[in-house]
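Input: a single structure, listed below in structure tokens.
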Amino acid sequence: MESGLIIWIILAPLLGALLNGGLYFYHITQRAIPQRLFSIIGTLSPILGFIFTLILFLDMKETGNTYSQDLFTWLEVGNLHISMKLLADNLSIFMTMFVTFVGSLIHIYAIGYMHKDPGFGKFFAYFNLFLASMLILVLADNPIVLFIGWEGVGVCSYLLIKFYYGKAENVTAANKAFIVNRVGDLGFLLGVVTLFFAVGEGDMSFSSLEANIGNVSPELLVLSGVLLFVGAMGKSAQIPLFTWLPDAMAGPTPISALIHAATMVTAGIYMVARFHFLYEGVEGVGLYIAYVGAASALFAAIIACKQQDIKKILAYSTMSQLGYMFIGVGLGYYSSGLFHVFTHAFFKAMLFMGAGGIIIAVHHHQNIFKIAQERVNLPIISGTFLIGVIAISGIPPFSGFFSKDAILAAAFAEGEYLIWIIGMFTAFLTAFYMFRLYFILFWAPNKKVGNPYVYTSKTITIPLAILALGAFGAGFLNLPTVLWGEHLVDTWLLQLNSKVLHMSHLTEWILMILSVGVASAGIYVSYKKYANFDVFKPESEEGLIANKFYVDEFYDKTLVKPIQKLSVFIDKVVDTKIIDGFIMGTCNKFVEFGKIVGTLQTANVRFYAAFMLVGMSCIFIYLYISLGL
Amino acid sequence: MISLTSYAFVSMTLFTIGVMGVVSRRNVFVIYMSIELMLNGVNLFLVTFARHHLNLDGQIITIMVIAIAAAEAAIFLSVIILLFRSKKSLDTDMFTALKDKESK
């Protein structure tokens, strides 16, 4: 059914971005504008977006309708018909709900975090644009419109990561994020084009692609499935395109929260879920996705155990959790994967916000041992941080437990025991490194008597409190039947799932107890090692793991350096020697020829006249002979 | 009756004298006079043949040539005056401003 409301979900933050951008321009060129105005516009627009989404959601829940909005025809060339169309079905409205909700809270948080920053207005303009791009991505009705949002998200992350562009390393990090994402984007584009040529009829909307997917040969289906997943790898930071995510921590903390919780990295999961009809046809690709996810989850978790930068630890934990989500969607349990996206948004946003609060309170230190040495008393932040840490570690009844357990149970039920074992081990590591973070930040003795209390702004603590509630309670939205729940999220996303979890209640109980046991073991090991850790003797930063398995160095050696060498070769040899040589050689020949002809220019009028005479005589003789007169 | 060939001979002689004057003389005045000589050689040719064919076209062209030559004379004389003012001389070899500087 048609609904005019969908566009307003996108327009609210988009207009906010334009307004804030215009005002900021006025602010820097003409006259100072109070910070309050920027923050009102900046936070009101995502909140409005959330309210519109809520209205739409309640209506859809009531009536069971799916809404779409056809804005205009964008392209019409031959049998290619692309219309600017938005779609609000169960999947997209599910995403939109938490993107706008968590996004709004992060916007409110940013008021406190960015307080008195000279680029306050610019920050909110980019922030709103980021959210608008993500909403375009989520609400798109065809892959082309989705791609607008896809690229918009990439651009905004680039703009925000290098928000403090005065520092060269921030700019490098932003460039890295953008370039690595471009690799993924190429995969996505190729996948969509392959799909378009393979399907060959109908418009490009998801529904018509789904209807015509049967025309496609299995080989092309595999090809486009893998190519689309390459796009997801780039956006969602999976092996091998993950290196940008830790570096993206260069931006201010609200951006990290937004990238990791509500926007950007979840785009890959969403896209795979959106193309669920494609992946259903090719189980092998789904399995491949699940294995990449498992490998990324384990890999990131191992690296996170040795990192010392508070934000980098959280970044690797995001990559690890994204791995879980890909296990879920790869195995065909889309609702489980998306449910983990949902719960993860709450606790990861909260963890990043807490980290941001801590970083401000200790005057911009990011090394966890350094923070511990200068520990300050932050009751609300430390409390919410603990909730986040418990939630991500998977201790019931916190939300992370339910979503992670659903994915692990799915892997077990599918008979993918290797993935299940990797998942379990990663869960152990997750509990270990998250509690390592917690114990060092708030627990380990630092020889100080009484830590100074630091006031934290209300705009920081209130969103934290709301998110803490979500991180605690979000899991109850999708309680499995074995725990007397009703699978609310699974039911809502029923259209996607090709499989239903079939398992005896006993097995399910055993799995749950096992995963709780594993998480507890992780916490215990962490407690033993770090609860009384001497924070004045930080761990060494050497070794394979602390150096992130030298992946960056490896890419540098195998990809970046050769390309650089090729560029230098093209610049110094092909361009200067061959192309310039050819062009300049031609020029020089003309110059030489000109010099010879120039000697005829003697400035002697009689000479010229004689020359004319000779010329004219020649013409006349020629005419006389040729005309036969 | 004087033959057509005689007229043609006279006019071609006039023209040739004019050409030789332009090519060989250095004085701008003399060059100008040589050009006028060439013009008149052509005029004589045109008039002769017009009369021979009893066609007035040639005569008309001749009259136009004379008229234009008169106008041209005015410009030519003023140019000569300007040339003289700049170098105090009318020797064409003195005017070498447009010479190719690189060749000697």
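Each chain in the structure tokens gets a letter, A, B and so on, in the order shown; residues start at 1 in every chain, and ligands are counted from 1 in the order they appear.
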Mind running chain A against chain B at 8 Å and telling me each contacting residue's nearest atom pair with the distance in Å (one decimal), counting only C-alpha atoms, chain and number ascending, as JSON lines?
{"residue": "A:Lys595", "atom": "CA", "partner": "B:Glu102", "partner_atom": "CA", "distance": 7.9}
{"residue": "A:Gly598", "atom": "CA", "partner": "B:Asp100", "partner_atom": "CA", "distance": 5.9}
{"residue": "A:Thr599", "atom": "CA", "partner": "B:Ser103", "partner_atom": "CA", "distance": 5.4}
{"residue": "A:Gln601", "atom": "CA", "partner": "B:Asp100", "partner_atom": "CA", "distance": 5.4}
{"residue": "A:Thr602", "atom": "CA", "partner": "B:Lys99", "partner_atom": "CA", "distance": 5.2}
{"residue": "A:Ala603", "atom": "CA", "partner": "B:Lys99", "partner_atom": "CA", "distance": 4.6}
{"residue": "A:Asn604", "atom": "CA", "partner": "B:Asp93", "partner_atom": "CA", "distance": 6.0}
{"residue": "A:Val605", "atom": "CA", "partner": "B:Thr92", "partner_atom": "CA", "distance": 6.6}
{"residue": "A:Arg606", "atom": "CA", "partner": "B:Val23", "partner_atom": "CA", "distance": 4.6}
{"residue": "A:Phe607", "atom": "CA", "partner": "B:Val23", "partner_atom": "CA", "distance": 7.0}
{"residue": "A:Ala609", "atom": "CA", "partner": "B:Val23", "partner_atom": "CA", "distance": 5.6}
{"residue": "A:Ala610", "atom": "CA", "partner": "B:Val23", "partner_atom": "CA", "distance": 5.5}
Quiz prompt | For segment 482-487 of chain A: contacts at 12 Å, only C-alpha atoms, fewer than 3 positions along chain excluded, given as a VMD selection string | solution = chain A and resid 335 to 336 339 396 to 397 402 to 403 406 475 to 479 490 to 494 500 to 512
Restrict the selected residues to N, CA and C atoms and save them as a PDB file, in the first residue's frame.
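And here is the file that came out, selection-v9.pdb:
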ATOM      1  N   SER A 335      16.407 -13.900  11.132  1.00  0.00           N
ATOM      2  CA  SER A 335      15.847 -13.166  12.272  1.00  0.00           C
ATOM      3  C   SER A 335      16.805 -13.219  13.453  1.00  0.00           C
ATOM      4  N   SER A 336      17.530 -14.339  13.625  1.00  0.00           N
ATOM      5  CA  SER A 336      18.479 -14.409  14.731  1.00  0.00           C
ATOM      6  C   SER A 336      19.610 -13.412  14.528  1.00  0.00           C
ATOM      7  N   PHE A 339      18.337 -10.016  15.055  1.00  0.00           N
ATOM      8  CA  PHE A 339      18.060  -9.766  16.469  1.00  0.00           C
ATOM      9  C   PHE A 339      19.358  -9.425  17.207  1.00  0.00           C
ATOM     10  N   PRO A 396      22.814 -14.339  31.059  1.00  0.00           N
ATOM     11  CA  PRO A 396      21.382 -14.061  31.187  1.00  0.00           C
ATOM     12  C   PRO A 396      21.106 -13.299  32.465  1.00  0.00           C
ATOM     13  N   PRO A 397      20.059 -12.496  32.544  1.00  0.00           N
ATOM     14  CA  PRO A 397      19.059 -12.266  31.500  1.00  0.00           C
ATOM     15  C   PRO A 397      19.361 -11.056  30.627  1.00  0.00           C
ATOM     16  N   PHE A 402      20.579 -13.723  24.858  1.00  0.00           N
ATOM     17  CA  PHE A 402      19.521 -14.324  24.058  1.00  0.00           C
ATOM     18  C   PHE A 402      19.861 -14.316  22.575  1.00  0.00           C
ATOM     19  N   SER A 403      20.382 -13.171  22.127  1.00  0.00           N
ATOM     20  CA  SER A 403      20.636 -13.087  20.688  1.00  0.00           C
ATOM     21  C   SER A 403      21.815 -13.969  20.285  1.00  0.00           C
ATOM     22  N   ALA A 406      20.832 -17.645  20.394  1.00  0.00           N
ATOM     23  CA  ALA A 406      20.001 -18.072  19.267  1.00  0.00           C
ATOM     24  C   ALA A 406      20.876 -18.415  18.070  1.00  0.00           C
ATOM     25  N   GLY A 475      16.548  -8.244  25.220  1.00  0.00           N
ATOM     26  CA  GLY A 475      16.510  -9.682  24.982  1.00  0.00           C
ATOM     27  C   GLY A 475      15.128 -10.282  25.192  1.00  0.00           C
ATOM     28  N   PHE A 476      14.342  -9.667  26.045  1.00  0.00           N
ATOM     29  CA  PHE A 476      13.033 -10.237  26.335  1.00  0.00           C
ATOM     30  C   PHE A 476      12.080 -10.146  25.158  1.00  0.00           C
ATOM     31  N   LEU A 477      12.461  -9.330  24.155  1.00  0.00           N
ATOM     32  CA  LEU A 477      11.587  -9.207  22.989  1.00  0.00           C
ATOM     33  C   LEU A 477      11.579 -10.484  22.169  1.00  0.00           C
ATOM     34  N   ASN A 478      12.600 -11.308  22.345  1.00  0.00           N
ATOM     35  CA  ASN A 478      12.662 -12.501  21.500  1.00  0.00           C
ATOM     36  C   ASN A 478      12.978 -13.728  22.345  1.00  0.00           C
ATOM     37  N   LEU A 479      12.230 -13.882  23.430  1.00  0.00           N
ATOM     38  CA  LEU A 479      12.472 -15.043  24.282  1.00  0.00           C
ATOM     39  C   LEU A 479      12.119 -16.321  23.542  1.00  0.00           C
ATOM     40  N   ASP A 490      11.322 -12.925  15.950  1.00  0.00           N
ATOM     41  CA  ASP A 490      11.289 -13.967  14.910  1.00  0.00           C
ATOM     42  C   ASP A 490       9.961 -13.938  14.160  1.00  0.00           C
ATOM     43  N   THR A 491       8.871 -13.747  14.912  1.00  0.00           N
ATOM     44  CA  THR A 491       7.556 -13.721  14.275  1.00  0.00           C
ATOM     45  C   THR A 491       7.430 -12.515  13.356  1.00  0.00           C
ATOM     46  N   TRP A 492       7.937 -11.396  13.844  1.00  0.00           N
ATOM     47  CA  TRP A 492       7.850 -10.169  13.045  1.00  0.00           C
ATOM     48  C   TRP A 492       8.640 -10.308  11.742  1.00  0.00           C
ATOM     49  N   LEU A 493       9.769 -11.006  11.796  1.00  0.00           N
ATOM     50  CA  LEU A 493      10.617 -11.147  10.606  1.00  0.00           C
ATOM     51  C   LEU A 493      10.412 -12.492   9.922  1.00  0.00           C
ATOM     52  N   LEU A 494       9.219 -13.057  10.094  1.00  0.00           N
ATOM     53  CA  LEU A 494       8.950 -14.402   9.592  1.00  0.00           C
ATOM     54  C   LEU A 494       9.167 -14.525   8.096  1.00  0.00           C
ATOM     55  N   VAL A 500      13.270 -23.003  10.329  1.00  0.00           N
ATOM     56  CA  VAL A 500      12.798 -22.851  11.695  1.00  0.00           C
ATOM     57  C   VAL A 500      13.666 -23.753  12.563  1.00  0.00           C
ATOM     58  N   LEU A 501      14.024 -23.203  13.701  1.00  0.00           N
ATOM     59  CA  LEU A 501      14.890 -23.959  14.587  1.00  0.00           C
ATOM     60  C   LEU A 501      14.135 -25.159  15.157  1.00  0.00           C
ATOM     61  N   HIS A 502      14.652 -26.350  14.859  1.00  0.00           N
ATOM     62  CA  HIS A 502      14.026 -27.548  15.423  1.00  0.00           C
ATOM     63  C   HIS A 502      15.005 -28.196  16.367  1.00  0.00           C
ATOM     64  N   MET A 503      14.625 -28.302  17.590  1.00  0.00           N
ATOM     65  CA  MET A 503      15.547 -28.778  18.593  1.00  0.00           C
ATOM     66  C   MET A 503      14.740 -29.236  19.792  1.00  0.00           C
ATOM     67  N   SER A 504      15.200 -30.273  20.421  1.00  0.00           N
ATOM     68  CA  SER A 504      14.481 -30.682  21.624  1.00  0.00           C
ATOM     69  C   SER A 504      14.777 -29.679  22.732  1.00  0.00           C
ATOM     70  N   HIS A 505      13.854 -29.539  23.634  1.00  0.00           N
ATOM     71  CA  HIS A 505      14.055 -28.564  24.707  1.00  0.00           C
ATOM     72  C   HIS A 505      15.262 -28.897  25.554  1.00  0.00           C
ATOM     73  N   LEU A 506      15.511 -30.215  25.672  1.00  0.00           N
ATOM     74  CA  LEU A 506      16.650 -30.626  26.493  1.00  0.00           C
ATOM     75  C   LEU A 506      17.956 -30.109  25.891  1.00  0.00           C
ATOM     76  N   THR A 507      18.127 -30.328  24.553  1.00  0.00           N
ATOM     77  CA  THR A 507      19.330 -29.847  23.877  1.00  0.00           C
ATOM     78  C   THR A 507      19.465 -28.345  24.061  1.00  0.00           C
ATOM     79  N   GLU A 508      18.332 -27.664  23.914  1.00  0.00           N
ATOM     80  CA  GLU A 508      18.379 -26.209  24.015  1.00  0.00           C
ATOM     81  C   GLU A 508      18.842 -25.781  25.418  1.00  0.00           C
ATOM     82  N   TRP A 509      18.325 -26.482  26.429  1.00  0.00           N
ATOM     83  CA  TRP A 509      18.749 -26.177  27.805  1.00  0.00           C
ATOM     84  C   TRP A 509      20.245 -26.429  27.966  1.00  0.00           C
ATOM     85  N   ILE A 510      20.690 -27.557  27.419  1.00  0.00           N
ATOM     86  CA  ILE A 510      22.108 -27.902  27.575  1.00  0.00           C
ATOM     87  C   ILE A 510      22.981 -26.838  26.907  1.00  0.00           C
ATOM     88  N   LEU A 511      22.564 -26.435  25.693  1.00  0.00           N
ATOM     89  CA  LEU A 511      23.345 -25.421  24.971  1.00  0.00           C
ATOM     90  C   LEU A 511      23.416 -24.129  25.760  1.00  0.00           C
ATOM     91  N   MET A 512      22.269 -23.749  26.326  1.00  0.00           N
ATOM     92  CA  MET A 512      22.235 -22.497  27.086  1.00  0.00           C
ATOM     93  C   MET A 512      23.175 -22.576  28.281  1.00  0.00           C
TER      94      MET A 512
END
Quiz item: Any idea what's packed within 9 Å of Val329 of chain A, counting only C-alpha atoms, ignoring anything in its chain fewer than 3 positions away? Could you give it as a PyMOL selection string?
Solution: chain A and resi 269+272-273+276+286+289-290+324-326+332-338+407
May I have the residues from that selection written out with C-alpha atoms, as a short mmCIF file (atom, residue, chain, number, x, y, z; two decimals), in the first residue's frame?
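Generated output (part_3.cif):
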data_model
loop_
_atom_site.label_atom_id
_atom_site.label_comp_id
_atom_site.auth_asym_id
_atom_site.auth_seq_id
_atom_site.Cartn_x
_atom_site.Cartn_y
_atom_site.Cartn_z
CA ILE A 269 24.02 -7.60 7.55
CA VAL A 272 22.43 -9.84 3.08
CA ALA A 273 19.09 -10.17 4.85
CA HIS A 276 17.66 -13.42 1.50
CA GLY A 286 25.41 -18.91 2.83
CA ILE A 289 29.29 -16.28 4.68
CA ALA A 290 28.86 -18.12 7.97
CA TYR A 324 28.22 -13.69 14.92
CA MET A 325 25.56 -11.84 12.96
CA PHE A 326 26.98 -13.16 9.70
CA GLY A 332 19.60 -18.83 6.93
CA TYR A 333 18.44 -17.74 10.39
CA TYR A 334 17.99 -14.15 9.33
CA SER A 335 15.85 -13.17 12.27
CA SER A 336 18.48 -14.41 14.73
CA GLY A 337 21.20 -12.45 12.98
CA LEU A 338 19.07 -9.32 12.87
CA ILE A 407 22.81 -17.86 16.70
#
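Those residues that approach Phe25 of chain A to within 9 Å, counting only C-alpha atoms, are Asn20, Gly21, Thr29, Gln30, Gly121 and Lys122 of chain A; same-chain residues fewer than 4 positions away are not listed.
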Could those selected residues go to a file with N, CA and C atoms, as a compact mmCIF listing (two decimals), in the first residue's frame?
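Final file, result_31.txt:
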# COMPACT_ATOMS: atom_id res chain seq x y z
N ASN A 20 21.31 22.59 9.48
CA ASN A 20 22.50 22.74 10.31
C ASN A 20 23.70 23.15 9.48
N GLY A 21 23.83 22.55 8.29
CA GLY A 21 24.95 22.90 7.42
C GLY A 21 24.88 24.36 7.03
N THR A 29 30.86 32.33 8.58
CA THR A 29 31.14 33.45 7.67
C THR A 29 30.60 34.77 8.20
N GLN A 30 29.42 34.74 8.84
CA GLN A 30 28.80 36.00 9.21
C GLN A 30 28.85 36.27 10.70
N GLY A 121 28.39 22.85 14.93
CA GLY A 121 27.32 22.83 13.93
C GLY A 121 27.64 21.89 12.80
N LYS A 122 28.90 21.91 12.37
CA LYS A 122 29.32 21.03 11.28
C LYS A 122 29.14 19.57 11.69
Quiz prompt | Proximity to Leu39 of chain B - best of B:Asn55, B:Val10, B:Asn27, B:Ala69, only C-alpha atoms | solution = B:Ala69
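Residue neighbourhood of Tyr113 of chain A, excluding near-sequence residues (fewer than 6 positions): Ser39, Ile106, His107, Phe120, Phe123, Phe124, Pro252, Thr253, Pro254, Ile255, Ala257, Phe352, Met353, Gly354, Ala355, Gly356, Gly357, Ile358, Ile359, Ile360, Ala361, His364, Thr456, Ser457, Lys458, Thr459, Ile460, Thr461 and Pro463 of chain A, at 12 Å, using only C-alpha atoms.
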Residues from the last selection, N, CA and C atoms, saved as a PDB file, in the first residue's frame:
ATOM      1  N   SER A  39      22.090  22.267  18.462  1.00  0.00           N
ATOM      2  CA  SER A  39      21.761  21.014  19.142  1.00  0.00           C
ATOM      3  C   SER A  39      20.270  20.740  19.081  1.00  0.00           C
ATOM      4  N   ILE A 106      22.179   8.787  20.523  1.00  0.00           N
ATOM      5  CA  ILE A 106      23.578   9.165  20.291  1.00  0.00           C
ATOM      6  C   ILE A 106      23.667  10.649  19.950  1.00  0.00           C
ATOM      7  N   HIS A 107      22.672  11.167  19.237  1.00  0.00           N
ATOM      8  CA  HIS A 107      22.652  12.601  18.937  1.00  0.00           C
ATOM      9  C   HIS A 107      22.591  13.415  20.226  1.00  0.00           C
ATOM     10  N   PHE A 120      30.961  22.512  16.207  1.00  0.00           N
ATOM     11  CA  PHE A 120      29.740  21.905  16.729  1.00  0.00           C
ATOM     12  C   PHE A 120      28.657  21.760  15.654  1.00  0.00           C
ATOM     13  N   PHE A 123      29.499  19.298  12.941  1.00  0.00           N
ATOM     14  CA  PHE A 123      29.382  17.939  13.450  1.00  0.00           C
ATOM     15  C   PHE A 123      27.941  17.449  13.345  1.00  0.00           C
ATOM     16  N   PHE A 124      27.002  18.295  13.769  1.00  0.00           N
ATOM     17  CA  PHE A 124      25.613  17.857  13.738  1.00  0.00           C
ATOM     18  C   PHE A 124      25.087  17.755  12.313  1.00  0.00           C
ATOM     19  N   PRO A 252      35.755  11.483  16.661  1.00  0.00           N
ATOM     20  CA  PRO A 252      35.199  11.662  18.005  1.00  0.00           C
ATOM     21  C   PRO A 252      34.313  10.459  18.386  1.00  0.00           C
ATOM     22  N   THR A 253      34.192  10.205  19.680  1.00  0.00           N
ATOM     23  CA  THR A 253      33.522   8.981  20.136  1.00  0.00           C
ATOM     24  C   THR A 253      32.054   8.835  19.702  1.00  0.00           C
ATOM     25  N   PRO A 254      31.243   9.907  19.668  1.00  0.00           N
ATOM     26  CA  PRO A 254      29.863   9.694  19.208  1.00  0.00           C
ATOM     27  C   PRO A 254      29.808   9.061  17.818  1.00  0.00           C
ATOM     28  N   ILE A 255      30.797   9.383  16.984  1.00  0.00           N
ATOM     29  CA  ILE A 255      30.811   8.795  15.649  1.00  0.00           C
ATOM     30  C   ILE A 255      31.052   7.310  15.731  1.00  0.00           C
ATOM     31  N   ALA A 257      30.252   5.451  18.142  1.00  0.00           N
ATOM     32  CA  ALA A 257      29.011   4.858  18.621  1.00  0.00           C
ATOM     33  C   ALA A 257      28.013   4.714  17.484  1.00  0.00           C
ATOM     34  N   PHE A 352      30.302   2.489  23.902  1.00  0.00           N
ATOM     35  CA  PHE A 352      31.071   3.578  23.294  1.00  0.00           C
ATOM     36  C   PHE A 352      30.808   4.897  23.989  1.00  0.00           C
ATOM     37  N   MET A 353      29.529   5.136  24.325  1.00  0.00           N
ATOM     38  CA  MET A 353      29.214   6.380  25.028  1.00  0.00           C
ATOM     39  C   MET A 353      29.938   6.425  26.365  1.00  0.00           C
ATOM     40  N   GLY A 354      29.918   5.287  27.070  1.00  0.00           N
ATOM     41  CA  GLY A 354      30.624   5.227  28.339  1.00  0.00           C
ATOM     42  C   GLY A 354      32.103   5.500  28.141  1.00  0.00           C
ATOM     43  N   ALA A 355      32.683   4.861  27.108  1.00  0.00           N
ATOM     44  CA  ALA A 355      34.102   5.069  26.821  1.00  0.00           C
ATOM     45  C   ALA A 355      34.373   6.544  26.557  1.00  0.00           C
ATOM     46  N   GLY A 356      33.461   7.181  25.797  1.00  0.00           N
ATOM     47  CA  GLY A 356      33.618   8.607  25.501  1.00  0.00           C
ATOM     48  C   GLY A 356      33.603   9.429  26.771  1.00  0.00           C
ATOM     49  N   GLY A 357      32.656   9.110  27.674  1.00  0.00           N
ATOM     50  CA  GLY A 357      32.567   9.831  28.939  1.00  0.00           C
ATOM     51  C   GLY A 357      33.847   9.695  29.746  1.00  0.00           C
ATOM     52  N   ILE A 358      34.383   8.450  29.756  1.00  0.00           N
ATOM     53  CA  ILE A 358      35.625   8.222  30.507  1.00  0.00           C
ATOM     54  C   ILE A 358      36.766   9.023  29.888  1.00  0.00           C
ATOM     55  N   ILE A 359      36.829   8.986  28.546  1.00  0.00           N
ATOM     56  CA  ILE A 359      37.937   9.670  27.863  1.00  0.00           C
ATOM     57  C   ILE A 359      37.907  11.162  28.172  1.00  0.00           C
ATOM     58  N   ILE A 360      36.708  11.739  28.199  1.00  0.00           N
ATOM     59  CA  ILE A 360      36.617  13.168  28.540  1.00  0.00           C
ATOM     60  C   ILE A 360      37.070  13.390  29.975  1.00  0.00           C
ATOM     61  N   ALA A 361      36.593  12.499  30.880  1.00  0.00           N
ATOM     62  CA  ALA A 361      36.851  12.710  32.307  1.00  0.00           C
ATOM     63  C   ALA A 361      38.341  12.636  32.626  1.00  0.00           C
ATOM     64  N   HIS A 364      41.296  12.981  27.814  1.00  0.00           N
ATOM     65  CA  HIS A 364      41.669  12.425  26.502  1.00  0.00           C
ATOM     66  C   HIS A 364      42.857  11.477  26.529  1.00  0.00           C
ATOM     67  N   THR A 456      29.461  14.428  35.191  1.00  0.00           N
ATOM     68  CA  THR A 456      29.204  14.113  33.786  1.00  0.00           C
ATOM     69  C   THR A 456      27.898  14.778  33.387  1.00  0.00           C
ATOM     70  N   SER A 457      27.923  15.382  32.208  1.00  0.00           N
ATOM     71  CA  SER A 457      26.764  16.144  31.750  1.00  0.00           C
ATOM     72  C   SER A 457      25.525  15.256  31.637  1.00  0.00           C
ATOM     73  N   LYS A 458      24.362  15.857  31.890  1.00  0.00           N
ATOM     74  CA  LYS A 458      23.089  15.127  31.821  1.00  0.00           C
ATOM     75  C   LYS A 458      22.855  14.549  30.421  1.00  0.00           C
ATOM     76  N   THR A 459      23.281  15.294  29.404  1.00  0.00           N
ATOM     77  CA  THR A 459      23.043  14.801  28.040  1.00  0.00           C
ATOM     78  C   THR A 459      23.828  13.522  27.790  1.00  0.00           C
ATOM     79  N   ILE A 460      24.834  13.270  28.629  1.00  0.00           N
ATOM     80  CA  ILE A 460      25.573  12.010  28.480  1.00  0.00           C
ATOM     81  C   ILE A 460      24.932  10.914  29.325  1.00  0.00           C
ATOM     82  N   THR A 461      24.547  11.254  30.550  1.00  0.00           N
ATOM     83  CA  THR A 461      24.083  10.191  31.447  1.00  0.00           C
ATOM     84  C   THR A 461      22.676   9.714  31.102  1.00  0.00           C
ATOM     85  N   PRO A 463      20.986   9.454  28.053  1.00  0.00           N
ATOM     86  CA  PRO A 463      20.987   8.411  27.017  1.00  0.00           C
ATOM     87  C   PRO A 463      21.610   7.116  27.501  1.00  0.00           C
TER      88      PRO A 463
END
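Distances to Lys529 of chain A were evaluated for A:Tyr555, A:Ile513, A:Lys561, A:Phe435 using only C-alpha atoms, and the minimum falls at A:Phe435.
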Quiz item: Between atom CA of Phe29 of chain B and atom CA of Tyr7 of chain B, what is the distance, to one decimal in Å?
Solution: 27.5 Å
Quiz prompt | Exercise: segment 60-76 of chain A partners within 12 Å, only C-alpha atoms, chain neighbours under 6 positions left out, as a PyMOL selection string | solution = chain A and resi 1-9+53-54+82-94+139-142+144-145+203-207+488+491-493+495
Practice problem: Could you find all residues in segment 63-193 of chain A that DSSP calls helix (DSSP H, G or I) from the backbone, and write them as number ranges by chain? | Solution: A: 63, 90-113, 120-139, 143-161, 168-193
Quiz item: Any idea what's packed within 8 Å of Val285 of chain A, counting only C-alpha atoms, ignoring anything in its chain fewer than 3 positions away? Could you give it as a PyMOL selection string?
Solution: chain A and resi 222+225-226+279+282+288-289+330
